[in-house]
$ cat protein_18.cif   # mmCIF, C-alpha atoms; chains and numbers go by the auth columns
data_work
loop_
_atom_site.group_PDB
_atom_site.id
_atom_site.type_symbol
_atom_site.label_atom_id
_atom_site.label_comp_id
_atom_site.label_asym_id
_atom_site.label_seq_id
_atom_site.Cartn_x
_atom_site.Cartn_y
_atom_site.Cartn_z
_atom_site.B_iso_or_equiv
_atom_site.auth_seq_id
_atom_site.auth_asym_id
ATOM 1 C CA MET A 1 -1.414 8.475 -12.104 0.00 614 A
ATOM 2 C CA THR A 2 0.343 5.638 -13.811 0.00 615 A
ATOM 3 C CA GLY A 3 -1.564 2.401 -13.696 0.00 616 A
ATOM 4 C CA SER A 4 -4.806 3.753 -12.251 0.00 617 A
ATOM 5 C CA THR A 5 -8.085 3.189 -13.961 0.00 618 A
ATOM 6 C CA GLY A 6 -10.102 5.286 -11.525 0.00 619 A
ATOM 7 C CA LEU A 7 -13.292 3.720 -10.231 0.00 620 A
ATOM 8 C CA HIS A 8 -13.422 0.110 -11.306 0.00 621 A
ATOM 9 C CA ASP A 9 -16.310 -1.762 -9.724 0.00 622 A
ATOM 10 C CA GLY A 10 -14.874 -1.286 -6.245 0.00 623 A
ATOM 11 C CA LYS A 11 -12.116 -3.743 -6.983 0.00 624 A
ATOM 12 C CA ARG A 12 -8.497 -2.915 -6.723 0.00 625 A
ATOM 13 C CA ASN A 13 -6.353 -2.092 -9.664 0.00 626 A
ATOM 14 C CA ARG A 14 -5.126 -5.280 -11.323 0.00 627 A
ATOM 15 C CA TYR A 15 -1.841 -3.570 -12.176 0.00 628 A
ATOM 16 C CA ALA A 16 -1.028 -2.982 -8.503 0.00 629 A
ATOM 17 C CA ASP A 17 -2.198 -6.433 -7.464 0.00 630 A
ATOM 18 C CA SER A 18 0.148 -8.081 -9.959 0.00 631 A
ATOM 19 C CA PHE A 19 3.147 -6.795 -7.975 0.00 632 A
ATOM 20 C CA ARG A 20 1.801 -8.332 -4.746 0.00 633 A
ATOM 21 C CA GLU A 21 1.004 -11.612 -6.452 0.00 634 A
ATOM 22 C CA ALA A 22 4.501 -11.814 -7.948 0.00 635 A
ATOM 23 C CA ALA A 23 6.048 -11.177 -4.513 0.00 636 A
ATOM 24 C CA ASP A 24 3.794 -13.853 -2.978 0.00 637 A
ATOM 25 C CA LEU A 25 4.976 -16.341 -5.616 0.00 638 A
ATOM 26 C CA LEU A 26 8.638 -15.551 -4.976 0.00 639 A
ATOM 27 C CA ILE A 27 8.111 -16.011 -1.247 0.00 640 A
ATOM 28 C CA ALA A 28 6.397 -19.353 -1.808 0.00 641 A
ATOM 29 C CA GLN A 29 9.333 -20.506 -3.936 0.00 642 A
ATOM 30 C CA THR A 30 11.812 -19.268 -1.350 0.00 643 A
ATOM 31 C CA LEU A 31 10.026 -20.973 1.544 0.00 644 A
ATOM 32 C CA GLN A 32 9.901 -24.216 -0.483 0.00 645 A
ATOM 33 C CA GLY A 33 13.643 -23.984 -1.110 0.00 646 A
ATOM 34 C CA ALA A 34 13.317 -23.321 -4.852 0.00 647 A
ATOM 35 C CA ALA A 35 14.807 -19.824 -4.490 0.00 648 A
ATOM 36 C CA ASN A 36 17.544 -18.410 -2.291 0.00 649 A
ATOM 37 C CA GLN A 37 16.285 -15.857 0.259 0.00 650 A
ATOM 38 C CA GLU A 38 19.426 -13.766 -0.135 0.00 651 A
ATOM 39 C CA SER A 39 18.853 -13.326 -3.875 0.00 652 A
ATOM 40 C CA ALA A 40 15.042 -13.169 -3.718 0.00 653 A
ATOM 41 C CA LEU A 41 14.790 -10.590 -0.923 0.00 654 A
ATOM 42 C CA TYR A 42 15.385 -7.450 -2.973 0.00 655 A
ATOM 43 C CA PRO A 43 12.887 -8.255 -5.730 0.00 656 A
ATOM 44 C CA ILE A 44 10.305 -9.385 -3.151 0.00 657 A
ATOM 45 C CA VAL A 45 10.493 -6.206 -1.102 0.00 658 A
ATOM 46 C CA TYR A 46 10.594 -4.049 -4.228 0.00 659 A
ATOM 47 C CA LEU A 47 7.465 -5.769 -5.561 0.00 660 A
ATOM 48 C CA TYR A 48 5.606 -5.288 -2.267 0.00 661 A
ATOM 49 C CA ARG A 49 6.655 -1.658 -2.032 0.00 662 A
ATOM 50 C CA GLN A 50 5.482 -1.024 -5.585 0.00 663 A
ATOM 51 C CA TYR A 51 2.197 -2.784 -4.802 0.00 664 A
ATOM 52 C CA LEU A 52 1.747 -0.665 -1.678 0.00 665 A
ATOM 53 C CA GLU A 53 2.483 2.608 -3.458 0.00 666 A
ATOM 54 C CA LEU A 54 0.231 1.855 -6.436 0.00 667 A
ATOM 55 C CA SER A 55 -2.595 0.578 -4.222 0.00 668 A
ATOM 56 C CA ILE A 56 -2.575 3.669 -2.038 0.00 669 A
ATOM 57 C CA LYS A 57 -2.421 5.933 -5.093 0.00 670 A
ATOM 58 C CA ASP A 58 -5.305 4.045 -6.667 0.00 671 A
ATOM 59 C CA SER A 59 -7.408 4.392 -3.520 0.00 672 A
ATOM 60 C CA LEU A 60 -6.565 8.101 -3.389 0.00 673 A
ATOM 61 C CA GLN A 61 -7.636 8.531 -6.995 0.00 674 A
ATOM 62 C CA MET A 62 -10.929 6.747 -6.281 0.00 675 A
ATOM 63 C CA THR A 63 -11.441 8.926 -3.213 0.00 676 A
ATOM 64 C CA ARG A 64 -10.870 12.089 -5.189 0.00 677 A
ATOM 65 C CA LEU A 65 -13.346 10.968 -7.844 0.00 678 A
ATOM 66 C CA LEU A 66 -15.918 10.345 -5.123 0.00 679 A
ATOM 67 C CA LEU A 67 -15.351 13.849 -3.791 0.00 680 A
ATOM 68 C CA ASP A 68 -15.376 15.323 -7.321 0.00 681 A
ATOM 69 C CA ASP A 69 -11.782 16.471 -6.739 0.00 682 A
ATOM 70 C CA ARG A 70 -10.080 16.555 -10.136 0.00 683 A
ATOM 71 C CA ARG A 71 -6.532 16.932 -8.821 0.00 684 A
ATOM 72 C CA ALA A 72 -4.203 14.138 -9.838 0.00 685 A
ATOM 73 C CA VAL A 73 -2.344 12.151 -7.221 0.00 686 A
ATOM 74 C CA LEU A 74 1.156 13.572 -7.144 0.00 687 A
ATOM 75 C CA PRO A 75 3.710 11.390 -8.926 0.00 688 A
ATOM 76 C CA HIS A 76 6.103 10.870 -6.018 0.00 689 A
ATOM 77 C CA HIS A 77 7.146 7.772 -4.099 0.00 690 A
ATOM 78 C CA ARG A 78 6.627 8.964 -0.496 0.00 691 A
ATOM 79 C CA VAL A 79 4.294 6.211 0.662 0.00 692 A
ATOM 80 C CA VAL A 80 3.936 7.606 4.184 0.00 693 A
ATOM 81 C CA GLU A 81 2.624 10.932 2.837 0.00 694 A
ATOM 82 C CA LEU A 82 0.291 9.131 0.460 0.00 695 A
ATOM 83 C CA TRP A 83 -1.020 6.948 3.290 0.00 696 A
ATOM 84 C CA GLN A 84 -1.609 9.961 5.534 0.00 697 A
ATOM 85 C CA GLU A 85 -3.718 11.655 2.871 0.00 698 A
ATOM 86 C CA LEU A 86 -5.725 8.505 2.233 0.00 699 A
ATOM 87 C CA ASN A 87 -6.102 7.760 5.934 0.00 700 A
ATOM 88 C CA GLU A 88 -7.748 11.151 6.568 0.00 701 A
ATOM 89 C CA PHE A 89 -10.544 10.094 4.259 0.00 702 A
ATOM 90 C CA LEU A 90 -10.759 6.461 5.341 0.00 703 A
ATOM 91 C CA VAL A 91 -11.427 7.311 8.990 0.00 704 A
ATOM 92 C CA LYS A 92 -14.522 9.163 7.754 0.00 705 A
ATOM 93 C CA ILE A 93 -15.986 6.420 5.598 0.00 706 A
ATOM 94 C CA LEU A 94 -15.061 3.060 7.099 0.00 707 A
ATOM 95 C CA PRO A 95 -17.390 1.593 9.712 0.00 708 A
ATOM 96 C CA GLY A 96 -16.344 1.789 13.349 0.00 709 A
ATOM 97 C CA ASP A 97 -15.327 -1.865 13.494 0.00 710 A
ATOM 98 C CA ALA A 98 -12.771 -1.201 10.715 0.00 711 A
ATOM 99 C CA GLN A 99 -11.010 1.564 12.648 0.00 712 A
ATOM 100 C CA PRO A 100 -8.614 -0.817 14.460 0.00 713 A
ATOM 101 C CA GLY A 101 -7.598 -2.085 11.019 0.00 714 A
ATOM 102 C CA LEU A 102 -6.640 1.451 10.022 0.00 715 A
ATOM 103 C CA VAL A 103 -4.513 1.804 13.128 0.00 716 A
ATOM 104 C CA GLN A 104 -2.836 -1.509 12.325 0.00 717 A
ATOM 105 C CA THR A 105 -2.365 -0.564 8.672 0.00 718 A
ATOM 106 C CA ALA A 106 -0.741 2.745 9.620 0.00 719 A
ATOM 107 C CA ARG A 107 1.679 0.868 11.864 0.00 720 A
ATOM 108 C CA LEU A 108 2.421 -1.709 9.164 0.00 721 A
ATOM 109 C CA VAL A 109 3.026 0.942 6.493 0.00 722 A
ATOM 110 C CA ARG A 110 5.355 2.805 8.854 0.00 723 A
ATOM 111 C CA GLU A 111 7.307 -0.359 9.679 0.00 724 A
ATOM 112 C CA PHE A 112 7.576 -1.386 6.054 0.00 725 A
ATOM 113 C CA ILE A 113 8.727 2.018 4.825 0.00 726 A
ATOM 114 C CA GLN A 114 11.292 2.553 7.578 0.00 727 A
ATOM 115 C CA HIS A 115 13.724 0.407 5.593 0.00 728 A
ATOM 116 C CA ASP A 116 13.199 2.285 2.331 0.00 729 A
ATOM 117 C CA THR A 117 11.823 5.816 2.697 0.00 730 A
ATOM 118 C CA SER A 118 13.028 6.963 -0.729 0.00 731 A
ATOM 119 C CA ALA A 119 12.070 3.920 -2.847 0.00 732 A
ATOM 120 C CA THR A 120 15.706 3.193 -3.658 0.00 733 A
ATOM 121 C CA VAL A 121 17.073 0.656 -1.157 0.00 734 A
ATOM 122 C CA PHE A 122 15.547 -2.363 -2.856 0.00 735 A
ATOM 123 C CA ARG A 123 16.058 -1.060 -6.411 0.00 736 A
ATOM 124 C CA HIS A 124 19.650 0.174 -6.432 0.00 737 A
ATOM 125 C CA PRO A 125 22.901 -1.011 -4.815 0.00 738 A
ATOM 126 C CA VAL A 126 23.965 2.585 -4.014 0.00 739 A
ATOM 127 C CA ASP A 127 22.189 5.858 -3.254 0.00 740 A
ATOM 128 C CA VAL A 128 22.486 9.029 -5.372 0.00 741 A
ATOM 129 C CA LYS A 129 25.696 9.927 -3.520 0.00 742 A
ATOM 130 C CA GLY A 130 27.260 6.541 -4.234 0.00 743 A
ATOM 131 C CA ARG A 131 26.838 5.167 -0.697 0.00 744 A
ATOM 132 C CA PRO A 132 26.014 1.457 -0.485 0.00 745 A
ATOM 133 C CA LEU A 133 22.397 0.524 0.251 0.00 746 A
ATOM 134 C CA PHE A 134 22.023 -2.818 1.954 0.00 747 A
ATOM 135 C CA VAL A 135 19.486 -4.651 4.082 0.00 748 A
ATOM 136 C CA HIS A 136 20.555 -8.087 5.273 0.00 749 A
ATOM 137 C CA ALA A 137 18.145 -10.804 4.184 0.00 750 A
ATOM 138 C CA ALA A 138 18.225 -12.560 7.547 0.00 751 A
ATOM 139 C CA ILE A 139 16.445 -9.663 9.294 0.00 752 A
ATOM 140 C CA ILE A 140 13.289 -10.009 7.188 0.00 753 A
ATOM 141 C CA ASP A 141 10.821 -12.788 7.920 0.00 754 A
ATOM 142 C CA LEU A 142 9.348 -13.428 4.472 0.00 755 A
ATOM 143 C CA ALA A 143 6.318 -15.388 5.652 0.00 756 A
ATOM 144 C CA ASN A 144 5.441 -12.588 8.062 0.00 757 A
ATOM 145 C CA LEU A 145 5.986 -9.972 5.358 0.00 758 A
ATOM 146 C CA ARG A 146 3.572 -11.836 3.067 0.00 759 A
ATOM 147 C CA ASP A 147 0.983 -12.032 5.869 0.00 760 A
ATOM 148 C CA VAL A 148 1.360 -8.329 6.672 0.00 761 A
ATOM 149 C CA MET A 149 0.863 -7.359 3.029 0.00 762 A
ATOM 150 C CA GLY A 150 -2.240 -9.557 3.004 0.00 763 A
ATOM 151 C CA LYS A 151 -3.660 -7.607 5.955 0.00 764 A
ATOM 152 C CA VAL A 152 -2.919 -4.275 4.281 0.00 765 A
ATOM 153 C CA ASP A 153 -4.548 -5.595 1.106 0.00 766 A
ATOM 154 C CA GLY A 154 -7.678 -6.503 3.076 0.00 767 A
ATOM 155 C CA ILE A 155 -8.075 -3.005 4.508 0.00 768 A
ATOM 156 C CA LEU A 156 -7.480 -1.314 1.151 0.00 769 A
ATOM 157 C CA SER A 157 -9.887 -3.687 -0.608 0.00 770 A
ATOM 158 C CA GLN A 158 -12.592 -2.971 1.961 0.00 771 A
ATOM 159 C CA ALA A 159 -12.027 0.762 1.585 0.00 772 A
ATOM 160 C CA ASN A 160 -12.172 0.618 -2.201 0.00 773 A
ATOM 161 C CA GLY A 161 -15.416 -1.328 -2.076 0.00 774 A
ATOM 162 C CA ILE A 162 -16.997 1.279 0.174 0.00 775 A
ATOM 163 C CA ILE A 163 -15.666 4.163 -1.930 0.00 776 A
ATOM 164 C CA TYR A 164 -17.071 2.598 -5.079 0.00 777 A
ATOM 165 C CA GLU A 165 -20.483 1.894 -3.524 0.00 778 A
ATOM 166 C CA ARG A 166 -20.721 5.488 -2.288 0.00 779 A
ATOM 167 C CA TRP A 167 -19.702 6.827 -5.673 0.00 780 A
ATOM 168 C CA LYS A 168 -22.263 4.612 -7.392 0.00 781 A
ATOM 169 C CA ALA A 169 -24.968 5.794 -4.978 0.00 782 A
ATOM 170 C CA GLY A 170 -23.900 9.447 -5.329 0.00 783 A
ATOM 171 C CA GLN A 171 -23.102 9.740 -1.635 0.00 784 A
ATOM 172 C CA ALA A 172 -20.536 12.051 -0.126 0.00 785 A
ATOM 173 C CA PRO A 173 -18.605 10.771 2.887 0.00 786 A
ATOM 174 C CA GLN A 174 -20.290 10.859 6.277 0.00 787 A
ATOM 175 C CA GLN A 175 -19.545 13.827 8.443 0.00 788 A
ATOM 176 C CA GLN A 176 -16.379 13.455 10.394 0.00 789 A
ATOM 177 C CA ARG A 177 -16.191 11.383 13.478 0.00 790 A
ATOM 178 C CA PRO A 178 -13.087 11.677 15.646 0.00 791 A
ATOM 179 C CA ALA A 179 -10.134 10.097 13.906 0.00 792 A
ATOM 180 C CA PRO A 180 -8.322 7.360 15.775 0.00 793 A
ATOM 181 C CA ASP A 181 -4.690 8.004 16.586 0.00 794 A
ATOM 182 C CA ASN A 182 -3.264 6.166 13.607 0.00 795 A
ATOM 183 C CA ASP A 183 -1.219 8.784 11.810 0.00 796 A
ATOM 184 C CA ILE A 184 2.199 7.657 10.777 0.00 797 A
#

$ encode --input "protein_18.cif" --output "structure tokens"
Amino acid sequence: MTGSTGLHDGKRNRYADSFREAADLLIAQTLQGAANQESALYPIVYLYRQYLELSIKDSLQMTRLLLDDRRAVLPHHRVVELWQELNEFLVKILPGDAQPGLVQTARLVREFIQHDTSATVFRHPVDVKGRPLFVHAAIIDLANLRDVMGKVDGILSQANGIIYERWKAGQAPQQQRPAPDNDI
């Protein structure tokens, strides 16, 4: 998996975090009037999407190491599928009070990806068939987007910390408890 370092002290991959931090900076500049929202929107959303994909892949890789599963995370860009695989594990290891956060994260991932299921809308002006790809900047609340990505980051950071601590202690995940209804 590109950019993953495997288990790294329970902290998230710096490579993935750099995309989120760059998007946060662009939003701050846009909200302060130093950048135009119309021109900043596409790079901002692309950066957040890349952050989301890399973060989920990194968490999946950590999870597989914990489970002694040597399969690599598949090199595709289908964030919803990646989240679903990760979520199956997270409902087993996160404490009960974190379960509402998983439900919220599933909803946030679904909402975010609905505008760009193929990882092309915010990277290319046209799709592979030459059809225009366009999302109007006015429909995206940048401050809210930043806050949402912060919430997702919090859940993934908590999960990675728990995965790392279990790996360090040589613990397998707890036996399954019923999964909340948070599939995407």

$ resolve_selection --input "protein_18.cif" --expression "the PyMOL selection byres ((chain A and resi 686) around 10)" --output "PyMOL selection string"
chain A and resi 614-615+669-674+677+683-685+687-689+695

$ residues_around --input "protein_18.cif" --residues "Ala636 (chain A)" --least-positions-apart "2" --cutoff "10 Å" --atoms "all atoms listed in the file" --output "CSV table (one decimal) with C-alpha atoms, keeping the file's coordinate frame"
chain,number,residue,atom,x,y,z
A,630,ASP,CA,-2.2,-6.4,-7.5
A,631,SER,CA,0.1,-8.1,-10.0
A,632,PHE,CA,3.1,-6.8,-8.0
A,633,ARG,CA,1.8,-8.3,-4.7
A,634,GLU,CA,1.0,-11.6,-6.5
A,638,LEU,CA,5.0,-16.3,-5.6
A,639,LEU,CA,8.6,-15.6,-5.0
A,640,ILE,CA,8.1,-16.0,-1.2
A,641,ALA,CA,6.4,-19.4,-1.8
A,642,GLN,CA,9.3,-20.5,-3.9
A,653,ALA,CA,15.0,-13.2,-3.7
A,654,LEU,CA,14.8,-10.6,-0.9
A,656,PRO,CA,12.9,-8.3,-5.7
A,657,ILE,CA,10.3,-9.4,-3.2
A,658,VAL,CA,10.5,-6.2,-1.1
A,659,TYR,CA,10.6,-4.0,-4.2
A,660,LEU,CA,7.5,-5.8,-5.6
A,661,TYR,CA,5.6,-5.3,-2.3
A,662,ARG,CA,6.7,-1.7,-2.0
A,664,TYR,CA,2.2,-2.8,-4.8
A,755,LEU,CA,9.3,-13.4,4.5
A,758,LEU,CA,6.0,-10.0,5.4
A,759,ARG,CA,3.6,-11.8,3.1
A,762,MET,CA,0.9,-7.4,3.0

$ closest_residue --input "protein_18.cif" --among "A:Val692, A:Ala756, A:Leu644, A:Val704" --to "Ser668 (chain A)" --atoms "all atoms listed in the file"
A:Val692

$ atom_distance --input "protein_18.cif" --atom1 "CA of Glu724 (chain A)" --atom2 "CA of Ser770 (chain A)"
20.3 Å

$ closest_residue --input "protein_18.cif" --among "A:Ile753, A:Leu703, A:Val761, A:Ala772" --to "Gln717 (chain A)" --atoms "only C-alpha atoms"
A:Val761

$ atom_distance --input "protein_18.cif" --atom1 "CA of Ala635 (chain A)" --atom2 "CA of Gln663 (chain A)"
11.1 Å

$ axis_aligned_box --input "protein_18.cif" --around "region 765-779 of chain A" --padding-each-side "3 Å" --output "JSON"
{"center_x": -11.8, "center_y": -0.5, "center_z": -0.3, "size_x": 23.8, "size_y": 18.0, "size_z": 15.6}

$ atom_distance --input "protein_18.cif" --atom1 "CA of Leu667 (chain A)" --atom2 "CA of Ala648 (chain A)"
26.2 Å

$ closest_residue --input "protein_18.cif" --among "A:Thr718, A:Ala711, A:Asn757, A:Ala629" --to "Leu665 (chain A)" --atoms "only C-alpha atoms"
A:Ala629

$ closest_residue --input "protein_18.cif" --among "A:His690, A:Phe702, A:Arg723, A:Asp681" --to "Gly783 (chain A)" --atoms "all atoms listed in the file"
A:Asp681

$ build_atoms --input "protein_18.cif" --residues "region 645-672 of chain A" --atoms "N, CA and C atoms" --output "short mmCIF file (atom, residue, chain, number, x, y, z; two decimals), in the coordinates of the input"
data_model
loop_
_atom_site.label_atom_id
_atom_site.label_comp_id
_atom_site.auth_asym_id
_atom_site.auth_seq_id
_atom_site.Cartn_x
_atom_site.Cartn_y
_atom_site.Cartn_z
N GLN A 645 9.83 -22.81 -0.05
CA GLN A 645 9.90 -24.22 -0.48
C GLN A 645 11.32 -24.62 -0.87
N GLY A 646 12.25 -23.68 -0.79
CA GLY A 646 13.64 -23.98 -1.11
C GLY A 646 13.99 -23.88 -2.59
N ALA A 647 13.06 -23.43 -3.41
CA ALA A 647 13.32 -23.32 -4.85
C ALA A 647 14.04 -22.03 -5.21
N ALA A 648 14.10 -21.09 -4.27
CA ALA A 648 14.81 -19.82 -4.49
C ALA A 648 15.59 -19.50 -3.23
N ASN A 649 16.68 -18.81 -3.40
CA ASN A 649 17.54 -18.41 -2.29
C ASN A 649 17.03 -17.10 -1.69
N GLN A 650 16.83 -17.07 -0.37
CA GLN A 650 16.28 -15.86 0.26
C GLN A 650 17.19 -14.66 0.02
N GLU A 651 18.49 -14.87 0.06
CA GLU A 651 19.43 -13.77 -0.14
C GLU A 651 19.23 -13.11 -1.50
N SER A 652 19.03 -13.91 -2.55
CA SER A 652 18.85 -13.33 -3.88
C SER A 652 17.41 -12.92 -4.16
N ALA A 653 16.45 -13.49 -3.47
CA ALA A 653 15.04 -13.17 -3.72
C ALA A 653 14.55 -11.97 -2.90
N LEU A 654 15.26 -11.64 -1.83
CA LEU A 654 14.79 -10.59 -0.92
C LEU A 654 14.55 -9.26 -1.62
N TYR A 655 15.52 -8.77 -2.36
CA TYR A 655 15.38 -7.45 -2.97
C TYR A 655 14.22 -7.37 -3.95
N PRO A 656 14.07 -8.33 -4.86
CA PRO A 656 12.89 -8.26 -5.73
C PRO A 656 11.58 -8.39 -4.96
N ILE A 657 11.54 -9.21 -3.93
CA ILE A 657 10.30 -9.38 -3.15
C ILE A 657 9.90 -8.07 -2.50
N VAL A 658 10.83 -7.45 -1.81
CA VAL A 658 10.49 -6.21 -1.10
C VAL A 658 10.17 -5.10 -2.10
N TYR A 659 10.91 -5.05 -3.20
CA TYR A 659 10.59 -4.05 -4.23
C TYR A 659 9.17 -4.25 -4.75
N LEU A 660 8.81 -5.48 -5.04
CA LEU A 660 7.46 -5.77 -5.56
C LEU A 660 6.38 -5.37 -4.56
N TYR A 661 6.59 -5.67 -3.28
CA TYR A 661 5.61 -5.29 -2.27
C TYR A 661 5.53 -3.77 -2.12
N ARG A 662 6.66 -3.11 -2.17
CA ARG A 662 6.66 -1.66 -2.03
C ARG A 662 5.91 -1.03 -3.21
N GLN A 663 6.17 -1.54 -4.40
CA GLN A 663 5.48 -1.02 -5.58
C GLN A 663 3.98 -1.28 -5.48
N TYR A 664 3.60 -2.46 -5.03
CA TYR A 664 2.20 -2.78 -4.80
C TYR A 664 1.57 -1.79 -3.82
N LEU A 665 2.26 -1.55 -2.72
CA LEU A 665 1.75 -0.66 -1.68
C LEU A 665 1.56 0.75 -2.22
N GLU A 666 2.57 1.25 -2.90
CA GLU A 666 2.48 2.61 -3.46
C GLU A 666 1.35 2.72 -4.48
N LEU A 667 1.27 1.80 -5.41
CA LEU A 667 0.23 1.86 -6.44
C LEU A 667 -1.16 1.66 -5.85
N SER A 668 -1.29 0.80 -4.85
CA SER A 668 -2.60 0.58 -4.22
C SER A 668 -3.08 1.82 -3.50
N ILE A 669 -2.19 2.45 -2.76
CA ILE A 669 -2.58 3.67 -2.04
C ILE A 669 -2.92 4.77 -3.03
N LYS A 670 -2.12 4.92 -4.08
CA LYS A 670 -2.42 5.93 -5.09
C LYS A 670 -3.76 5.65 -5.77
N ASP A 671 -4.04 4.41 -6.04
CA ASP A 671 -5.30 4.04 -6.67
C ASP A 671 -6.48 4.39 -5.75
N SER A 672 -6.35 4.06 -4.48
CA SER A 672 -7.41 4.39 -3.52
C SER A 672 -7.58 5.90 -3.40
#
